[in-house]
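A.B. asks: Take this structure, written in structure tokens, and hold onto it; I'll ask about it next.
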Amino acid sequence: MSSVAVSDDLERVAGKLVGLTSRRDPGSAPGGAMRWRPPLAEPAVAAWEAEHGVVLPEDYRAFITRVAGSGTRPFHGLRELGVPDRDNDLSHLDPGRPFPCTFTQPLVCDPADEDPYWDALERGEADRGWIPLCTEGCGMDTILVVTAVDPGTAGTVWYFDVAHDCGVLPMVHPATGAPLRFLEWFELCLDARASGEEPCGSDLVPSEFLPW
């Protein structure tokens with residue numbers, strides 16, 4: 001993705017964010033409007049990258065340094081880079097170690113043969129190369145791949161649900177079937193919220209990868 005394309009997409013998404021934030025969040029309770037925290041300081045983001053040996057995807061980096069560092073949407077809120085929740089849920093992650101999955105070989109819990117899935121979890125393959133974006137709760141999360149064995153996988157958004165033995169699965173654009181990057185995913189979330197909806201993350205996963 002070129003810098004010009006990122007700037008154009010960022011401007012459009014930021015405009016939608018401002019428009020949606022200026023009115024009550026559709027489908028929310030009174031007082032439940034979207035809230036967004038200020039962008040993160042460039043030196044702080046650069047320090048995180050240096051600490052973890054990671055170059056953040058350009059569109060995500062532009063958003064958190066120029067638009068908002070975190071917020072109350074999508075779902076339970078866009079996570080701030082490097083900030084754990086109350087359970088210190090980032091302590092086991094290694095974002096600098098390459099993500100092993102690809103679009104043709106995600107981590108799927110196949111009911112017909114679950115052994116490869118459990119072996120991969122035992123090796124820690126589900127805990128490398130990504131950062132959390134948001135959670136739906138109950139162990140169903142959206143993540144951003146920041147470094148990967150397959151260079152084309154870095155910068156894409158995935159569905160993470162090992163709590164229900166689902167797997168780590170790619171998200172794709174519903175109109176094109178192409179892998180989703182951060183700003184594309186975030187814009188889809190904003191558009192859905194503007195319509196008073198919030199579909200499950202698994203709705204963006206190709207059906208052939210879902211074990212149910």
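Labels used: A, B, ... for chains in the order of the structure tokens, numbers from 1 for residues in each chain, and numbers from 1 for ligands as shown.
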As a PyMOL selection string, please: all residues of segment 86-173 of chain A that backbone DSSP puts in strand (DSSP E or B).
C.D. replies: chain A and resi 94+99+107-108+110+113+128+130-137+140-145+148+156-161+167-170+172
A.B. asks: Separation of atom CA of Glu58 of chain A and atom CA of Asp8 of chain A, in Å?
C.D. replies: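 Distance between the two atoms: 12.8 Å.
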A.B. asks: Any idea what's packed within 9 Å of segment 91-100 of chain A, counting only C-alpha atoms, ignoring anything in its chain fewer than 4 positions away? Could you give it as a list in words?
C.D. replies: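 Non-adjacent residues within range: Glu49, His52, Gly53, Val54, Pro84, Pro106, Leu107, Glu125, Ala126, Asp127, Arg128, Gly129, Trp130, Ile131, Val145, Val146, Thr147, Ala148, Val149, Asp150, Thr153 and Ala154 of chain A.
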A.B. asks: Kindly export the residues of the current selection with N, CA, C and O atoms, as a PDB file, in the first residue's frame.
C.D. replies:
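Written file, out_4.pdb:
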```
ATOM      1  N   GLU A  49       8.402  -0.091  18.686  1.00  0.00           N
ATOM      2  CA  GLU A  49       8.901  -0.836  17.530  1.00  0.00           C
ATOM      3  C   GLU A  49      10.335  -1.309  17.769  1.00  0.00           C
ATOM      4  O   GLU A  49      10.678  -2.461  17.471  1.00  0.00           O
ATOM      5  N   HIS A  52      10.564  -4.229  20.303  1.00  0.00           N
ATOM      6  CA  HIS A  52      10.058  -5.529  19.852  1.00  0.00           C
ATOM      7  C   HIS A  52      10.627  -5.955  18.497  1.00  0.00           C
ATOM      8  O   HIS A  52      10.313  -7.056  18.029  1.00  0.00           O
ATOM      9  N   GLY A  53      11.429  -5.104  17.876  1.00  0.00           N
ATOM     10  CA  GLY A  53      11.985  -5.457  16.575  1.00  0.00           C
ATOM     11  C   GLY A  53      10.936  -5.555  15.500  1.00  0.00           C
ATOM     12  O   GLY A  53      10.998  -6.429  14.632  1.00  0.00           O
ATOM     13  N   VAL A  54       9.974  -4.639  15.533  1.00  0.00           N
ATOM     14  CA  VAL A  54       8.822  -4.682  14.633  1.00  0.00           C
ATOM     15  C   VAL A  54       8.678  -3.345  13.913  1.00  0.00           C
ATOM     16  O   VAL A  54       8.891  -2.288  14.510  1.00  0.00           O
ATOM     17  N   PRO A  84      -1.581  -3.689  28.306  1.00  0.00           N
ATOM     18  CA  PRO A  84      -2.350  -4.892  28.638  1.00  0.00           C
ATOM     19  C   PRO A  84      -3.652  -4.546  29.324  1.00  0.00           C
ATOM     20  O   PRO A  84      -3.860  -3.419  29.791  1.00  0.00           O
ATOM     21  N   PRO A 106      -4.204 -21.340   7.472  1.00  0.00           N
ATOM     22  CA  PRO A 106      -4.425 -20.753   8.800  1.00  0.00           C
ATOM     23  C   PRO A 106      -4.403 -21.847   9.863  1.00  0.00           C
ATOM     24  O   PRO A 106      -4.283 -23.043   9.537  1.00  0.00           O
ATOM     25  N   LEU A 107      -4.514 -21.436  11.109  1.00  0.00           N
ATOM     26  CA  LEU A 107      -4.574 -22.417  12.192  1.00  0.00           C
ATOM     27  C   LEU A 107      -6.034 -22.753  12.446  1.00  0.00           C
ATOM     28  O   LEU A 107      -6.781 -21.975  13.045  1.00  0.00           O
ATOM     29  N   GLU A 125       2.573 -21.360  18.560  1.00  0.00           N
ATOM     30  CA  GLU A 125       2.438 -20.724  17.251  1.00  0.00           C
ATOM     31  C   GLU A 125       1.306 -19.700  17.197  1.00  0.00           C
ATOM     32  O   GLU A 125       1.291 -18.842  16.307  1.00  0.00           O
ATOM     33  N   ALA A 126       0.370 -19.774  18.136  1.00  0.00           N
ATOM     34  CA  ALA A 126      -0.739 -18.822  18.126  1.00  0.00           C
ATOM     35  C   ALA A 126      -0.386 -17.510  18.824  1.00  0.00           C
ATOM     36  O   ALA A 126      -1.195 -16.583  18.824  1.00  0.00           O
ATOM     37  N   ASP A 127       0.804 -17.415  19.392  1.00  0.00           N
ATOM     38  CA  ASP A 127       1.143 -16.270  20.235  1.00  0.00           C
ATOM     39  C   ASP A 127       2.285 -15.436  19.691  1.00  0.00           C
ATOM     40  O   ASP A 127       2.949 -14.725  20.436  1.00  0.00           O
ATOM     41  N   ARG A 128       2.515 -15.492  18.404  1.00  0.00           N
ATOM     42  CA  ARG A 128       3.655 -14.776  17.839  1.00  0.00           C
ATOM     43  C   ARG A 128       3.259 -13.953  16.613  1.00  0.00           C
ATOM     44  O   ARG A 128       2.359 -14.326  15.871  1.00  0.00           O
ATOM     45  N   GLY A 129       3.930 -12.815  16.456  1.00  0.00           N
ATOM     46  CA  GLY A 129       3.801 -12.037  15.230  1.00  0.00           C
ATOM     47  C   GLY A 129       2.612 -11.115  15.136  1.00  0.00           C
ATOM     48  O   GLY A 129       2.380 -10.537  14.072  1.00  0.00           O
ATOM     49  N   TRP A 130       1.850 -10.918  16.226  1.00  0.00           N
ATOM     50  CA  TRP A 130       0.663 -10.085  16.125  1.00  0.00           C
ATOM     51  C   TRP A 130       0.456  -9.245  17.372  1.00  0.00           C
ATOM     52  O   TRP A 130       1.057  -9.500  18.419  1.00  0.00           O
ATOM     53  N   ILE A 131      -0.419  -8.240  17.235  1.00  0.00           N
ATOM     54  CA  ILE A 131      -0.862  -7.425  18.358  1.00  0.00           C
ATOM     55  C   ILE A 131      -2.385  -7.443  18.387  1.00  0.00           C
ATOM     56  O   ILE A 131      -3.031  -7.616  17.355  1.00  0.00           O
ATOM     57  N   VAL A 145      -1.604  -8.711  12.274  1.00  0.00           N
ATOM     58  CA  VAL A 145      -0.299  -9.342  12.075  1.00  0.00           C
ATOM     59  C   VAL A 145       0.729  -8.256  11.768  1.00  0.00           C
ATOM     60  O   VAL A 145       0.532  -7.445  10.847  1.00  0.00           O
ATOM     61  N   VAL A 146       1.823  -8.237  12.525  1.00  0.00           N
ATOM     62  CA  VAL A 146       2.831  -7.194  12.344  1.00  0.00           C
ATOM     63  C   VAL A 146       4.136  -7.716  11.748  1.00  0.00           C
ATOM     64  O   VAL A 146       4.922  -6.954  11.190  1.00  0.00           O
ATOM     65  N   THR A 147       4.379  -9.014  11.880  1.00  0.00           N
ATOM     66  CA  THR A 147       5.521  -9.635  11.198  1.00  0.00           C
ATOM     67  C   THR A 147       5.163 -11.083  10.931  1.00  0.00           C
ATOM     68  O   THR A 147       4.470 -11.710  11.736  1.00  0.00           O
ATOM     69  N   ALA A 148       5.597 -11.612   9.781  1.00  0.00           N
ATOM     70  CA  ALA A 148       5.128 -12.932   9.380  1.00  0.00           C
ATOM     71  C   ALA A 148       6.167 -13.655   8.537  1.00  0.00           C
ATOM     72  O   ALA A 148       7.005 -13.034   7.878  1.00  0.00           O
ATOM     73  N   VAL A 149       6.093 -14.978   8.573  1.00  0.00           N
ATOM     74  CA  VAL A 149       6.936 -15.802   7.707  1.00  0.00           C
ATOM     75  C   VAL A 149       6.643 -15.480   6.249  1.00  0.00           C
ATOM     76  O   VAL A 149       7.553 -15.349   5.427  1.00  0.00           O
ATOM     77  N   ASP A 150       5.359 -15.328   5.922  1.00  0.00           N
ATOM     78  CA  ASP A 150       4.935 -14.923   4.588  1.00  0.00           C
ATOM     79  C   ASP A 150       4.807 -13.402   4.561  1.00  0.00           C
ATOM     80  O   ASP A 150       3.938 -12.844   5.232  1.00  0.00           O
ATOM     81  N   THR A 153       1.426 -11.622   4.406  1.00  0.00           N
ATOM     82  CA  THR A 153       0.490 -11.752   5.516  1.00  0.00           C
ATOM     83  C   THR A 153       0.644 -10.614   6.517  1.00  0.00           C
ATOM     84  O   THR A 153      -0.317 -10.243   7.204  1.00  0.00           O
ATOM     85  N   ALA A 154       1.852 -10.038   6.608  1.00  0.00           N
ATOM     86  CA  ALA A 154       2.074  -8.927   7.527  1.00  0.00           C
ATOM     87  C   ALA A 154       1.183  -7.745   7.138  1.00  0.00           C
ATOM     88  O   ALA A 154       1.048  -7.419   5.963  1.00  0.00           O
TER      89      ALA A 154
END
```
A.B. asks: So that I can check the surroundings of Val67 of chain A, please list as number ranges by chain every protein, DNA and RNA residue that reaches within 12 Å of it, counting only C-alpha atoms and ignoring chain neighbours fewer than 4 positions away.
C.D. replies: A: 7, 10-18, 36-41, 59-63, 71, 183
A.B. asks: Go ahead and write the residues just picked, N, CA, C and O atoms, as a PDB file, in the first residue's frame.
C.D. replies:
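Result written to result31.pdb:
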```
ATOM      1  N   SER A   7      -2.741   7.813   2.966  1.00  0.00           N
ATOM      2  CA  SER A   7      -3.217   9.148   3.337  1.00  0.00           C
ATOM      3  C   SER A   7      -4.658   9.366   2.904  1.00  0.00           C
ATOM      4  O   SER A   7      -5.476   9.917   3.655  1.00  0.00           O
ATOM      5  N   LEU A  10      -6.849   7.178   5.105  1.00  0.00           N
ATOM      6  CA  LEU A  10      -6.863   7.717   6.466  1.00  0.00           C
ATOM      7  C   LEU A  10      -7.785   8.929   6.561  1.00  0.00           C
ATOM      8  O   LEU A  10      -8.569   9.064   7.513  1.00  0.00           O
ATOM      9  N   GLU A  11      -7.732   9.811   5.571  1.00  0.00           N
ATOM     10  CA  GLU A  11      -8.588  10.998   5.573  1.00  0.00           C
ATOM     11  C   GLU A  11     -10.056  10.606   5.514  1.00  0.00           C
ATOM     12  O   GLU A  11     -10.896  11.170   6.229  1.00  0.00           O
ATOM     13  N   ARG A  12     -10.383   9.635   4.667  1.00  0.00           N
ATOM     14  CA  ARG A  12     -11.775   9.208   4.540  1.00  0.00           C
ATOM     15  C   ARG A  12     -12.263   8.563   5.838  1.00  0.00           C
ATOM     16  O   ARG A  12     -13.368   8.860   6.328  1.00  0.00           O
ATOM     17  N   VAL A  13     -11.452   7.673   6.402  1.00  0.00           N
ATOM     18  CA  VAL A  13     -11.845   6.976   7.624  1.00  0.00           C
ATOM     19  C   VAL A  13     -11.953   7.947   8.789  1.00  0.00           C
ATOM     20  O   VAL A  13     -12.890   7.875   9.599  1.00  0.00           O
ATOM     21  N   ALA A  14     -11.019   8.882   8.875  1.00  0.00           N
ATOM     22  CA  ALA A  14     -11.072   9.879   9.949  1.00  0.00           C
ATOM     23  C   ALA A  14     -12.328  10.717   9.841  1.00  0.00           C
ATOM     24  O   ALA A  14     -12.957  11.068  10.857  1.00  0.00           O
ATOM     25  N   GLY A  15     -12.739  11.050   8.616  1.00  0.00           N
ATOM     26  CA  GLY A  15     -13.966  11.805   8.423  1.00  0.00           C
ATOM     27  C   GLY A  15     -15.183  11.029   8.888  1.00  0.00           C
ATOM     28  O   GLY A  15     -16.083  11.588   9.528  1.00  0.00           O
ATOM     29  N   LYS A  16     -15.239   9.744   8.586  1.00  0.00           N
ATOM     30  CA  LYS A  16     -16.347   8.915   9.045  1.00  0.00           C
ATOM     31  C   LYS A  16     -16.357   8.813  10.567  1.00  0.00           C
ATOM     32  O   LYS A  16     -17.425   8.827  11.196  1.00  0.00           O
ATOM     33  N   LEU A  17     -15.160   8.701  11.145  1.00  0.00           N
ATOM     34  CA  LEU A  17     -15.059   8.599  12.597  1.00  0.00           C
ATOM     35  C   LEU A  17     -15.592   9.862  13.271  1.00  0.00           C
ATOM     36  O   LEU A  17     -16.368   9.790  14.227  1.00  0.00           O
ATOM     37  N   VAL A  18     -15.216  11.012  12.746  1.00  0.00           N
ATOM     38  CA  VAL A  18     -15.687  12.277  13.300  1.00  0.00           C
ATOM     39  C   VAL A  18     -17.203  12.393  13.148  1.00  0.00           C
ATOM     40  O   VAL A  18     -17.922  12.785  14.083  1.00  0.00           O
ATOM     41  N   TRP A  36     -12.815   8.593  21.914  1.00  0.00           N
ATOM     42  CA  TRP A  36     -11.507   8.306  21.343  1.00  0.00           C
ATOM     43  C   TRP A  36     -10.432   9.096  22.073  1.00  0.00           C
ATOM     44  O   TRP A  36     -10.615  10.265  22.390  1.00  0.00           O
ATOM     45  N   ARG A  37      -9.324   8.423  22.339  1.00  0.00           N
ATOM     46  CA  ARG A  37      -8.214   9.056  23.037  1.00  0.00           C
ATOM     47  C   ARG A  37      -7.253   9.674  22.024  1.00  0.00           C
ATOM     48  O   ARG A  37      -7.215   9.256  20.863  1.00  0.00           O
ATOM     49  N   PRO A  38      -6.468  10.641  22.450  1.00  0.00           N
ATOM     50  CA  PRO A  38      -5.565  11.330  21.519  1.00  0.00           C
ATOM     51  C   PRO A  38      -4.585  10.380  20.852  1.00  0.00           C
ATOM     52  O   PRO A  38      -4.291   9.293  21.373  1.00  0.00           O
ATOM     53  N   PRO A  39      -4.060  10.764  19.697  1.00  0.00           N
ATOM     54  CA  PRO A  39      -3.040   9.939  19.032  1.00  0.00           C
ATOM     55  C   PRO A  39      -1.833   9.714  19.939  1.00  0.00           C
ATOM     56  O   PRO A  39      -1.535  10.517  20.834  1.00  0.00           O
ATOM     57  N   LEU A  40      -1.143   8.625  19.688  1.00  0.00           N
ATOM     58  CA  LEU A  40       0.063   8.320  20.447  1.00  0.00           C
ATOM     59  C   LEU A  40       1.230   9.159  19.919  1.00  0.00           C
ATOM     60  O   LEU A  40       1.301   9.470  18.729  1.00  0.00           O
ATOM     61  N   ALA A  41       2.149   9.483  20.806  1.00  0.00           N
ATOM     62  CA  ALA A  41       3.319  10.269  20.416  1.00  0.00           C
ATOM     63  C   ALA A  41       4.244   9.427  19.547  1.00  0.00           C
ATOM     64  O   ALA A  41       4.478   8.245  19.821  1.00  0.00           O
ATOM     65  N   ASP A  59      -0.569   1.708   7.571  1.00  0.00           N
ATOM     66  CA  ASP A  59      -1.895   2.297   7.783  1.00  0.00           C
ATOM     67  C   ASP A  59      -2.273   2.312   9.265  1.00  0.00           C
ATOM     68  O   ASP A  59      -2.851   3.289   9.760  1.00  0.00           O
ATOM     69  N   TYR A  60      -1.938   1.253   9.985  1.00  0.00           N
ATOM     70  CA  TYR A  60      -2.214   1.213  11.426  1.00  0.00           C
ATOM     71  C   TYR A  60      -1.390   2.267  12.154  1.00  0.00           C
ATOM     72  O   TYR A  60      -1.900   3.008  13.005  1.00  0.00           O
ATOM     73  N   ARG A  61      -0.130   2.369  11.799  1.00  0.00           N
ATOM     74  CA  ARG A  61       0.761   3.330  12.447  1.00  0.00           C
ATOM     75  C   ARG A  61       0.276   4.761  12.211  1.00  0.00           C
ATOM     76  O   ARG A  61       0.290   5.607  13.117  1.00  0.00           O
ATOM     77  N   ALA A  62      -0.168   5.033  10.990  1.00  0.00           N
ATOM     78  CA  ALA A  62      -0.678   6.365  10.677  1.00  0.00           C
ATOM     79  C   ALA A  62      -1.916   6.680  11.509  1.00  0.00           C
ATOM     80  O   ALA A  62      -2.078   7.801  12.010  1.00  0.00           O
ATOM     81  N   PHE A  63      -2.792   5.697  11.679  1.00  0.00           N
ATOM     82  CA  PHE A  63      -4.020   5.930  12.440  1.00  0.00           C
ATOM     83  C   PHE A  63      -3.709   6.240  13.897  1.00  0.00           C
ATOM     84  O   PHE A  63      -4.234   7.212  14.458  1.00  0.00           O
ATOM     85  N   GLY A  71      -9.825   3.636  21.606  1.00  0.00           N
ATOM     86  CA  GLY A  71     -11.194   4.132  21.704  1.00  0.00           C
ATOM     87  C   GLY A  71     -12.151   3.075  22.185  1.00  0.00           C
ATOM     88  O   GLY A  71     -11.752   1.938  22.463  1.00  0.00           O
ATOM     89  N   LEU A 183      -7.009  -0.335   8.012  1.00  0.00           N
ATOM     90  CA  LEU A 183      -7.970   0.725   7.712  1.00  0.00           C
ATOM     91  C   LEU A 183      -9.215   0.181   7.023  1.00  0.00           C
ATOM     92  O   LEU A 183     -10.319   0.696   7.232  1.00  0.00           O
TER      93      LEU A 183
END
```
A.B. asks: Just the number, please: distance in Å from atom CA of Ala163 of chain A to atom CA of Asp113 of chain A, one decimal.
C.D. replies: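 Atom CA of Asp113 of chain A lies 17.7 Å from atom CA of Ala163 of chain A.
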A.B. asks: Using only C-alpha atoms, find the one residue out of A:Val6, A:Val45, A:Ala192, A:Leu56 that sits nearest to Leu144 of chain A.
C.D. replies: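 Going through A:Val6, A:Val45, A:Ala192, A:Leu56 one by one, the smallest distance to Leu144 of chain A is for A:Leu56.
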A.B. asks: Find the residues around segment 165-180 of chain A up to 8 Å (only C-alpha atoms counted), leave out those fewer than 5 positions away in its own chain, and share them as a ChimeraX atom specification.
C.D. replies: /A:103,106-109,117,126,156-160,185,201-202,204-206,209-211
A.B. asks: If DSSP is run on the backbone, what residues of chain A are helix (DSSP H, G or I)? A reply as a ChimeraX atom specification would be ideal.
C.D. replies: /A:3-21,42-52,58-66,115-122,125-127,151-153,182-194,201-204,207-209
